[in-house]
Each structure stands twice: as structure tokens, then as C-alpha cells.
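Student: Okay, here's the structure, questions in a sec.
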Amino acid sequence: FRKIRQNLLMENKTGKYFKYAIGEIVLVVIGILIALWVNNLNQQRIELQERAKIKTELNEELLENKESFKKYKDYVEQCHKKVITVLSVSTNEDTEISMDTLRMLVSEMIPLNAIYINQSRLNSAKTSGQFRLLTSEESNALAIYETALDNFKDSKESIGLSIEDNMPLYLHFSTLDLNYKKIFPDVALPKHPFYNLSDEDFLAFIKTRETYDKLNIILIGITLDFGWLKELNINIDKTIAVLNLQSDDY
């Protein structure tokens, strides 16, 4: 190109030189535009790959939590049945239940098992700025799901039976014994004789108004858990549906 320009100037062909220079500029501009276009396509391809990856990871996390919620819901449902049975004994409606069965039910009816909730990939996507790769509908669905999670956690904290305030209840019901054995199966938990009630005293303790009140607090917590778990399951299904529906839109 330089030699062509020099020849045109030496031959005093200024008009042709300017035309050539303009053509060369146009070629350079076209080259730059093509380079920008290719770079833009490459950037879009990278973002589409990142979008697909984060959507897959979020979908997997939602499915993991859905399975965790299902297991906990089944567990809470079993606790609910046991509390109802013990309440029927407390109100003297069920007089046929054996003491061994009653002692087993009261030790297992309080839902102390922890629920596993994984938000690592959701939090990572938010802090890393990957949410910008999602559509507004996808982001809104995830935000609604996250709000439901927060409400569920707040509900458990506000209604839950604290160990400190209800230690006598746990000790009378042998609830701590049961959970202790899950962690230390080969070590017996020492128990004060005051809490080793005879069958007659144990039944009398179940039928006191104070115990009846505590049983209803347990029932309220279980009912709220059950309701929130149903709501969470609905939110997860909706969020998964939105993520799958939006898989090709970007």
C-alpha cells in the first residue's frame, strides 16, 4: 500500500491518490467494524455459556432444596400425628394407648431435626453479578423464592420451642435422650431421678393444663412449618418452570 501511494504521488496523480486514500480508509473502517462484530459475537457466545451454566446450577440447587423440603415435610407430618395422639391423651379422649407407646410418641413428637437449605449458588450468583445474565422474569421468580425462604426461617425462630425455656418439658419427655443417642449411640445420658416418672405420674404430667398448653405451642409450630413448606414447594416449582421456560430467551 505504501509503494502504491508513493508511485501515485511521484506520477503526480493526486486525484487518484485521494481516491485511493479514501478507499484505504474505508477498508480500515470495514476491518474495524468486522473485528468489533466478531468480538461482539464472541462476547455474546461467552455470556450465553455463562447464562446456561448459572441457570443449570440454580436449577440443581432448587431441586436439591425441593427434595430436602419434601423430606422435612414428611418428618413434620409424622410429628404432627404424634402430637395429636398425645393431645388426645392429655384431654382424656384416648385412654387405650399403652404407656410404652405414649412415652415413645412424646420423645419423638417435637421436630428438633434441622432442615437443610442450600443457598450457596444463589448467593454466589448475586454477589458475582451473574444475575445480569438472567431475564427480569427469572430474577423476579428467584427473588420471590428467596423471600419465601426468609419468611420460613423467621417463622421458625419466632415460634420455635427454645431449649432453655422448655428444658423441663424435654427432660420429662426424654426428647433430649433420643437426640443425644443419635449423635452418641454408645454413651448413656445421665438423668436426674426427678425426671424418671412412674407411669402414673407421667400420665398425670401429660394431663396437666401446663403440658396441654405446651403441646398446643408445639402443634402451632408444626402447623406453621407445614404451611410454609407447602408454600416453598409451590415457589420452587414456579421458579424451576420459569428457568426452564426462559432457557432460549436472551
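Each chain in the C-alpha cells gets a letter, A, B, ..., in the order shown, and its residues are numbered from 1; ligands are numbered from 1 in order too.
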Extract, using only C-alpha atoms, all DNA, RNA and protein residues at most 10 Å from stretch 173-183 of chain A, discarding same-chain residues fewer than 2 positions from it, and format them as a PyMOL selection string.
Tutor: chain A and resi 102-113+163+167-171+185-191+195-197+202+205-206
Student: Quick check for you: according to DSSP on this backbone, which residues of stretch 6-217 of chain A are classed as alpha helix (DSSP H)? Reply as JSON, numbers by chain.
Tutor: {"A": [6, 7, 8, 9, 10, 14, 15, 16, 17, 18, 19, 20, 21, 22, 23, 24, 25, 26, 27, 28, 29, 30, 31, 32, 33, 34, 35, 36, 37, 38, 39, 40, 41, 42, 43, 44, 45, 46, 47, 48, 49, 50, 51, 52, 53, 54, 55, 56, 57, 58, 59, 60, 61, 62, 63, 64, 65, 66, 67, 68, 69, 70, 71, 72, 73, 74, 75, 76, 77, 78, 79, 80, 81, 82, 83, 84, 85, 86, 87, 88, 89, 90, 99, 100, 101, 102, 103, 104, 105, 106, 107, 108, 120, 121, 122, 123, 124, 125, 126, 127, 136, 137, 138, 139, 140, 141, 142, 143, 144, 145, 146, 147, 148, 149, 150, 151, 152, 153, 154, 155, 156, 157, 158, 159, 167, 168, 169, 170, 171, 172, 173, 175, 176, 177, 178, 179, 180, 181, 182, 183, 199, 200, 201, 202, 203, 204, 205, 206, 209, 210, 211, 212, 213, 214, 215, 216, 217]}
Student: Rounded to one decimal in Å, what is the spacing between atom CA of A:Ile218 and atom CA of A:Val89?
Tutor: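 Computing the Euclidean distance for atom CA of A:Ile218 and atom CA of A:Val89 yields 15.4 Å.
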Student: Excluding A:Glu93 and residues on its chain fewer than 5 positions from it, collect all residues at most 12 Å away from it, counting only C-alpha atoms, and give them as a list in words.
Tutor: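 Once the nearby chain positions are removed, what remains is Ile84, Thr85, Val86, Leu87, Ser88 and Lys207 of chain A.
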Student: Excluding A:Leu48 and its own-chain neighbours fewer than 4 positions away, which residues fall within 9 Å of it when counting only C-alpha atoms? Please give them as a ChimeraX atom specification.
Tutor: /A:43-44,52-53,133,250
Student: Write the selection just made, keeping all heavy atoms, as a PDB file, in the first residue's frame?
Tutor:
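Now in result.pdb:
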ATOM      1  N   GLN A  43     -18.321 -12.350  22.525  1.00  0.00           N
ATOM      2  CA  GLN A  43     -18.767 -11.958  23.855  1.00  0.00           C
ATOM      3  C   GLN A  43     -20.160 -12.506  24.150  1.00  0.00           C
ATOM      4  O   GLN A  43     -20.431 -12.979  25.259  1.00  0.00           O
ATOM      5  CB  GLN A  43     -18.770 -10.430  23.974  1.00  0.00           C
ATOM      6  CG  GLN A  43     -19.077  -9.913  25.370  1.00  0.00           C
ATOM      7  CD  GLN A  43     -18.034 -10.327  26.391  1.00  0.00           C
ATOM      8  OE1 GLN A  43     -16.857 -10.486  26.059  1.00  0.00           O
ATOM      9  NE2 GLN A  43     -18.469 -10.526  27.618  1.00  0.00           N
ATOM     10  N   GLN A  44     -21.035 -12.437  23.145  1.00  0.00           N
ATOM     11  CA  GLN A  44     -22.379 -12.984  23.305  1.00  0.00           C
ATOM     12  C   GLN A  44     -22.330 -14.492  23.539  1.00  0.00           C
ATOM     13  O   GLN A  44     -23.088 -15.021  24.359  1.00  0.00           O
ATOM     14  CB  GLN A  44     -23.233 -12.671  22.078  1.00  0.00           C
ATOM     15  CG  GLN A  44     -23.674 -11.224  21.987  1.00  0.00           C
ATOM     16  CD  GLN A  44     -24.585 -10.991  20.805  1.00  0.00           C
ATOM     17  OE1 GLN A  44     -24.805 -11.871  19.982  1.00  0.00           O
ATOM     18  NE2 GLN A  44     -25.114  -9.786  20.693  1.00  0.00           N
ATOM     19  N   ALA A  52     -26.166 -20.166  30.599  1.00  0.00           N
ATOM     20  CA  ALA A  52     -26.595 -21.567  30.653  1.00  0.00           C
ATOM     21  C   ALA A  52     -26.034 -22.260  31.892  1.00  0.00           C
ATOM     22  O   ALA A  52     -26.732 -23.039  32.552  1.00  0.00           O
ATOM     23  CB  ALA A  52     -26.153 -22.298  29.388  1.00  0.00           C
ATOM     24  N   LYS A  53     -24.774 -21.936  32.230  1.00  0.00           N
ATOM     25  CA  LYS A  53     -24.132 -22.560  33.392  1.00  0.00           C
ATOM     26  C   LYS A  53     -24.809 -22.143  34.691  1.00  0.00           C
ATOM     27  O   LYS A  53     -25.130 -23.003  35.534  1.00  0.00           O
ATOM     28  CB  LYS A  53     -22.648 -22.167  33.434  1.00  0.00           C
ATOM     29  CG  LYS A  53     -21.895 -22.778  34.602  1.00  0.00           C
ATOM     30  CD  LYS A  53     -20.437 -22.337  34.612  1.00  0.00           C
ATOM     31  CE  LYS A  53     -19.699 -22.910  35.819  1.00  0.00           C
ATOM     32  NZ  LYS A  53     -18.288 -22.456  35.880  1.00  0.00           N
ATOM     33  N   LEU A 133     -27.237 -11.725  33.776  1.00  0.00           N
ATOM     34  CA  LEU A 133     -27.416 -12.631  32.642  1.00  0.00           C
ATOM     35  C   LEU A 133     -28.824 -13.212  32.589  1.00  0.00           C
ATOM     36  O   LEU A 133     -29.197 -13.824  31.590  1.00  0.00           O
ATOM     37  CB  LEU A 133     -26.402 -13.778  32.713  1.00  0.00           C
ATOM     38  CG  LEU A 133     -24.920 -13.376  32.706  1.00  0.00           C
ATOM     39  CD1 LEU A 133     -24.043 -14.589  32.957  1.00  0.00           C
ATOM     40  CD2 LEU A 133     -24.556 -12.719  31.380  1.00  0.00           C
ATOM     41  N   TYR A 250     -32.745 -14.723  25.331  1.00  0.00           N
ATOM     42  CA  TYR A 250     -31.700 -13.845  25.840  1.00  0.00           C
ATOM     43  C   TYR A 250     -31.454 -12.726  24.867  1.00  0.00           C
ATOM     44  O   TYR A 250     -31.423 -12.976  23.678  1.00  0.00           O
ATOM     45  CB  TYR A 250     -30.414 -14.637  26.091  1.00  0.00           C
ATOM     46  CG  TYR A 250     -29.356 -13.781  26.737  1.00  0.00           C
ATOM     47  CD1 TYR A 250     -29.501 -13.308  28.028  1.00  0.00           C
ATOM     48  CD2 TYR A 250     -28.220 -13.433  26.022  1.00  0.00           C
ATOM     49  CE1 TYR A 250     -28.522 -12.520  28.601  1.00  0.00           C
ATOM     50  CE2 TYR A 250     -27.228 -12.640  26.607  1.00  0.00           C
ATOM     51  CZ  TYR A 250     -27.399 -12.194  27.881  1.00  0.00           C
ATOM     52  OH  TYR A 250     -26.439 -11.398  28.450  1.00  0.00           O
TER      53      TYR A 250
END
Student: Out of A:Thr223, A:Asn39, A:Leu243, A:Ala204, which residue has the shortest atom-to-atom distance to A:Thr91 when counting only C-alpha atoms?
Tutor: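 Comparing A:Thr223, A:Asn39, A:Leu243, A:Ala204 against A:Thr91, the winner is A:Ala204.
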Student: Would you mind listing what lies within 8 Å of stretch 135-149 of chain A as a list in words, with only C-alpha atoms counted and same-chain residues fewer than 5 positions away left out?
Tutor: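 Once the nearby chain positions are removed, what remains is Trp228, Glu231, Leu232, Asn235, Ile236, Lys238, Thr239, Val242, Leu243, Gln246 and Tyr250 of chain A.
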Student: Go through A:Ala241, A:Ile97, A:Ile54, A:Leu229 and flag the residue nearest A:Glu77, using only C-alpha atoms for the distances.
Tutor: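 Once distances to A:Glu77 are computed over only C-alpha atoms, the minimum belongs to A:Leu229.
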Student: Need the shell around A:Ile240: protein/DNA/RNA residues with any atom at most 9 Å away, counting only C-alpha atoms. Skip same-chain ones fewer than 6 positions apart. Format as a short mmCIF file (atom, residue, chain, number, x, y, z; two decimals) with N, CA, C and O atoms, in the first residue's frame?
Tutor:
data_model
loop_
_atom_site.label_atom_id
_atom_site.label_comp_id
_atom_site.auth_asym_id
_atom_site.auth_seq_id
_atom_site.Cartn_x
_atom_site.Cartn_y
_atom_site.Cartn_z
N LEU A 58 -28.38 -23.09 39.34
CA LEU A 58 -29.51 -22.66 40.15
C LEU A 58 -30.63 -23.70 40.12
O LEU A 58 -31.26 -23.98 41.16
N ASN A 59 -30.84 -24.29 38.97
CA ASN A 59 -31.88 -25.32 38.83
C ASN A 59 -31.54 -26.53 39.70
O ASN A 59 -32.40 -27.10 40.38
N LEU A 62 -32.18 -25.66 43.34
CA LEU A 62 -33.62 -25.66 43.62
C LEU A 62 -34.14 -27.08 43.78
O LEU A 62 -34.94 -27.37 44.69
N LEU A 63 -33.70 -27.98 42.92
CA LEU A 63 -34.13 -29.38 43.00
C LEU A 63 -33.63 -30.04 44.28
O LEU A 63 -34.34 -30.84 44.91
N ALA A 141 -38.64 -14.33 39.83
CA ALA A 141 -39.03 -15.63 40.36
C ALA A 141 -38.08 -16.06 41.47
O ALA A 141 -38.51 -16.57 42.52
#
Student: Work out how far apart atom CA of A:Lys156 and atom CA of A:Gly221 are and give it in Å to one decimal.
Tutor: 7.3 Å
Student: Expressed in Å to a single decimal, how great is the separation between atom CA of A:Asp150 and atom CA of A:Ile115?
Tutor: 13.5 Å
